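See below for the structure under consideration.
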Amino acid sequence: MRILLTGGAGFLGSHLCDKLISMGHSVVCMDNLITGTLENVAHLRGNERFEFIMHDVSNHISVEGKIDYVMHLASLASPVDYLTYPIKTLKVGSLGTHNSLGVAKKNGAKFFLASTSEVYGDPLVNPQPETYWGNVNPIGPRGVYDESKRLAEALTLAYHRTHGLDTKIVRIFNTYGERMRANDGRVVPNLIYQALHNEPLTVYGDGKQTRSFCYVSDLIEGFIKLMNSDLNEPVNIGNPCEMSVLEFAEKIKAFTGTKSKIVFKELPVDDPKVRRPDITKAKAKLGWEPRVNVDEGLRRTIDWFKKK
Ligand code: NAD
Ligand code: UDP
């Protein structure tokens with residue numbers, strides 16, 4: 001297939017480029033590099049099945065030649081990034097998704113949306129099944145991201161129901177691994193970077209809030225299973241291994257052998273108190289479940305950050 005991949009120069013997008021190319025597909029990687037970098041796809045330049053187009057997908061998208069699949073990953077993704085660019089976040093989730101759907105419709109292509117566990121907001125149900133409608137503050141600072149993704153899901157399913165587009169929606173839970181930006185502000189790169197520089201490890205709030213961390217290769221495997229499935233409605237992909245942020249910080253301390261101490265900082269507004277994917281649907285319908293446990297994934301990620 002010839003696949004248009006928006007956000008392809010980012011953390012997840014570049015891993016997906018690698019996977020798709022290794023499967024024999026051709027990739028048109030479209031990115032405006034607002035948080036992504038060409039370094040992430042440098043090894044693919046020169047490959048005749050890889051093409052890079054610098055473009056902001058919130059503006060009309062035009063691609064020459066036939067496209068068989070549109071995979072829309074472009075978005076500001078880290079809380080620090082989407083709080084820095086609130087309007088761009090809303091635009092890429094709304095206009096960017098609309099434009100990407102338009103390309104799929106014009107080409108008769110399938111469509112894959114990267115959504116997020118943030119559609120569940122600060123969940124009152126734990127773990128979160130796909131049937132949970134969520135608890136989102138639409139007008140809080142995080143609302144720009146949560147609502148952009150909720151609209152993206154609504155747009156995607158409207159194109160499915162109205163135009164018969166073959167759509168897939170993945171709700172991604174916290175994923176980490178090689179090629180995360182050291183300064184993207186998310187907890188994994190922050191704590192690893194701090195630990196490797198013997199700087200204080202910043203834990204926000206009392207650190208009792210929980211997250212469930214999925215290693216990138218597991219997530220990408222889930223993407224491929226979903227893209228090849230006939231599931232048009234959202235599917236959670238994540239690792240249900242839930243832990244508190246404080247436990248996570250202790251783990252990073254132990255794994256890096258850092259001299260750093262843990263310091264507590266203010267909790268960001270509307271920071272979800274719990275998060276854990278219910279992956280019953282992914283297991284039953286896709287035959288997918290994570291294989292890399294957090295200890296192994298973290299060791300690999302720490303090694304990569306050390307080399308970097
Ligand atoms: P990332 O910041 O590394 O990648 C996002 C990419 O999108 C970057 O390359 C950026 O330059 C590009 N981009 C942003 N706005 C754009 C625009 N208007 N036009 C073109 N390109 C644009 O983040 P990531 O972690 O790789 O996230 C990828 C996708 O997965 C995002 O949609 C994000 O919301 C979703 N997601 C990620 C996680 C996670 O844990 N990593 C969790 C939930 C959802
Ligand atoms: N967090 C933290 N220290 C940091 C960065 C984040 O304690 O240096 C916390 C953050 O408040 C949240 C959790 O770690 O409770 C995960 O944050 P992240 O930004 O990675 O993603 P989120 O799950 O909030 O989207």
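Just so we're on the same page: first chain in the structure tokens is A, next is B, and so on; residues restart at 1 for each chain, and ligands are numbered from 1 in the order they show up.
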Residues within 12 Å of A:Ser62, please, as a list in words. Count only C-alpha atoms; anything in the same chain fewer than 3 positions from it doesn't count.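 Within the cut-off, the hits are Leu4, Val28, Met30, Ile53, Met54, His55, Asp56, Val57, Ser58, Asn59, Gly65, Lys66, Ile67, Asn99, Ser100, Gly102, Val103, Ala104, Lys106 and Asn107 of chain A.
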Each residue of chain A lying at most 7 Å from ligand 1 should get a row with its shortest atom-to-atom pair and the distance in Å to one decimal, counting only C-alpha atoms and all ligand atoms; could you produce that, ordered by chain and increasing number, as JSON lines?
{"residue": "A:Thr6", "atom": "CA", "partner": "ligand 1", "partner_atom_place_in_ligand_line": "21 (N)", "distance": 5.9}
{"residue": "A:Gly7", "atom": "CA", "partner": "ligand 1", "partner_atom_place_in_ligand_line": "7 (O)", "distance": 3.4}
{"residue": "A:Gly8", "atom": "CA", "partner": "ligand 1", "partner_atom_place_in_ligand_line": "9 (O)", "distance": 5.8}
{"residue": "A:Ala9", "atom": "CA", "partner": "ligand 1", "partner_atom_place_in_ligand_line": "9 (O)", "distance": 4.2}
{"residue": "A:Gly10", "atom": "CA", "partner": "ligand 1", "partner_atom_place_in_ligand_line": "9 (O)", "distance": 3.2}
{"residue": "A:Phe11", "atom": "CA", "partner": "ligand 1", "partner_atom_place_in_ligand_line": "26 (O)", "distance": 3.7}
{"residue": "A:Leu12", "atom": "CA", "partner": "ligand 1", "partner_atom_place_in_ligand_line": "26 (O)", "distance": 3.7}
{"residue": "A:Gly13", "atom": "CA", "partner": "ligand 1", "partner_atom_place_in_ligand_line": "26 (O)", "distance": 5.5}
{"residue": "A:Met30", "atom": "CA", "partner": "ligand 1", "partner_atom_place_in_ligand_line": "20 (C)", "distance": 6.2}
{"residue": "A:Asp31", "atom": "CA", "partner": "ligand 1", "partner_atom_place_in_ligand_line": "21 (N)", "distance": 3.6}
{"residue": "A:Asn32", "atom": "CA", "partner": "ligand 1", "partner_atom_place_in_ligand_line": "20 (C)", "distance": 4.2}
{"residue": "A:Leu33", "atom": "CA", "partner": "ligand 1", "partner_atom_place_in_ligand_line": "11 (O)", "distance": 3.5}
{"residue": "A:Ile34", "atom": "CA", "partner": "ligand 1", "partner_atom_place_in_ligand_line": "11 (O)", "distance": 3.9}
{"residue": "A:Thr35", "atom": "CA", "partner": "ligand 1", "partner_atom_place_in_ligand_line": "11 (O)", "distance": 4.0}
{"residue": "A:Gly36", "atom": "CA", "partner": "ligand 1", "partner_atom_place_in_ligand_line": "9 (O)", "distance": 3.1}
{"residue": "A:Thr37", "atom": "CA", "partner": "ligand 1", "partner_atom_place_in_ligand_line": "9 (O)", "distance": 6.3}
{"residue": "A:His55", "atom": "CA", "partner": "ligand 1", "partner_atom_place_in_ligand_line": "20 (C)", "distance": 5.6}
{"residue": "A:Asp56", "atom": "CA", "partner": "ligand 1", "partner_atom_place_in_ligand_line": "19 (N)", "distance": 3.5}
{"residue": "A:Val57", "atom": "CA", "partner": "ligand 1", "partner_atom_place_in_ligand_line": "19 (N)", "distance": 4.0}
{"residue": "A:Ser58", "atom": "CA", "partner": "ligand 1", "partner_atom_place_in_ligand_line": "18 (N)", "distance": 5.0}
{"residue": "A:Leu73", "atom": "CA", "partner": "ligand 1", "partner_atom_place_in_ligand_line": "32 (O)", "distance": 4.1}
{"residue": "A:Ala74", "atom": "CA", "partner": "ligand 1", "partner_atom_place_in_ligand_line": "7 (O)", "distance": 3.5}
{"residue": "A:Ser75", "atom": "CA", "partner": "ligand 1", "partner_atom_place_in_ligand_line": "14 (C)", "distance": 4.0}
{"residue": "A:Leu76", "atom": "CA", "partner": "ligand 1", "partner_atom_place_in_ligand_line": "14 (C)", "distance": 4.9}
{"residue": "A:Ala77", "atom": "CA", "partner": "ligand 1", "partner_atom_place_in_ligand_line": "34 (O)", "distance": 4.2}
{"residue": "A:Ser78", "atom": "CA", "partner": "ligand 1", "partner_atom_place_in_ligand_line": "2 (O)", "distance": 6.5}
{"residue": "A:Lys88", "atom": "CA", "partner": "ligand 1", "partner_atom_place_in_ligand_line": "18 (N)", "distance": 6.7}
{"residue": "A:Val92", "atom": "CA", "partner": "ligand 1", "partner_atom_place_in_ligand_line": "18 (N)", "distance": 4.8}
{"residue": "A:Gly96", "atom": "CA", "partner": "ligand 1", "partner_atom_place_in_ligand_line": "18 (N)", "distance": 6.4}
{"residue": "A:Ala114", "atom": "CA", "partner": "ligand 1", "partner_atom_place_in_ligand_line": "32 (O)", "distance": 4.9}
{"residue": "A:Ser115", "atom": "CA", "partner": "ligand 1", "partner_atom_place_in_ligand_line": "44 (C)", "distance": 5.5}
{"residue": "A:Thr116", "atom": "CA", "partner": "ligand 1", "partner_atom_place_in_ligand_line": "43 (C)", "distance": 4.0}
{"residue": "A:Ser117", "atom": "CA", "partner": "ligand 1", "partner_atom_place_in_ligand_line": "43 (C)", "distance": 6.1}
{"residue": "A:Arg171", "atom": "CA", "partner": "ligand 1", "partner_atom_place_in_ligand_line": "43 (C)", "distance": 6.7}
{"residue": "A:Ile172", "atom": "CA", "partner": "ligand 1", "partner_atom_place_in_ligand_line": "43 (C)", "distance": 4.3}
{"residue": "A:Phe173", "atom": "CA", "partner": "ligand 1", "partner_atom_place_in_ligand_line": "42 (C)", "distance": 5.0}
{"residue": "A:Asn174", "atom": "CA", "partner": "ligand 1", "partner_atom_place_in_ligand_line": "40 (O)", "distance": 3.6}
{"residue": "A:Thr175", "atom": "CA", "partner": "ligand 1", "partner_atom_place_in_ligand_line": "40 (O)", "distance": 3.7}
{"residue": "A:Tyr176", "atom": "CA", "partner": "ligand 1", "partner_atom_place_in_ligand_line": "40 (O)", "distance": 6.2}
{"residue": "A:Met180", "atom": "CA", "partner": "ligand 1", "partner_atom_place_in_ligand_line": "3 (O)", "distance": 6.5}
Extract, using only C-alpha atoms, all DNA, RNA and protein residues at most 6 Å from A:Pro127, discarding same-chain residues fewer than 4 positions from it, and format them as a compact mmCIF listing (two decimals) with N, CA and C atoms, in the first residue's frame.
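Saved file selection-v8.txt follows:
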# COMPACT_ATOMS: atom_id res chain seq x y z
N ARG A 276 -5.72 3.51 33.49
CA ARG A 276 -5.34 2.13 33.19
C ARG A 276 -6.25 1.60 32.09
N PRO A 277 -5.67 1.06 31.02
CA PRO A 277 -6.54 0.59 29.93
C PRO A 277 -7.19 -0.74 30.26
N ASP A 278 -8.47 -0.87 29.91
CA ASP A 278 -9.11 -2.17 29.87
C ASP A 278 -8.86 -2.67 28.45
Separation of atom CA of A:Trp288 from atom CA of A:Gly24 in Å: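 Atom CA of A:Gly24 sits 21.8 Å away from atom CA of A:Trp288.
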Close residues to ligand 2 using only C-alpha atoms and all ligand atoms, limit 8 Å, as an NGL selection string: :A and (78-80 or 118 or 173-174 or 185-188 or 190-191 or 201-205 or 207 or 209-211 or 245-246 or 264-265 or 267-268 or 271-273 or 275)
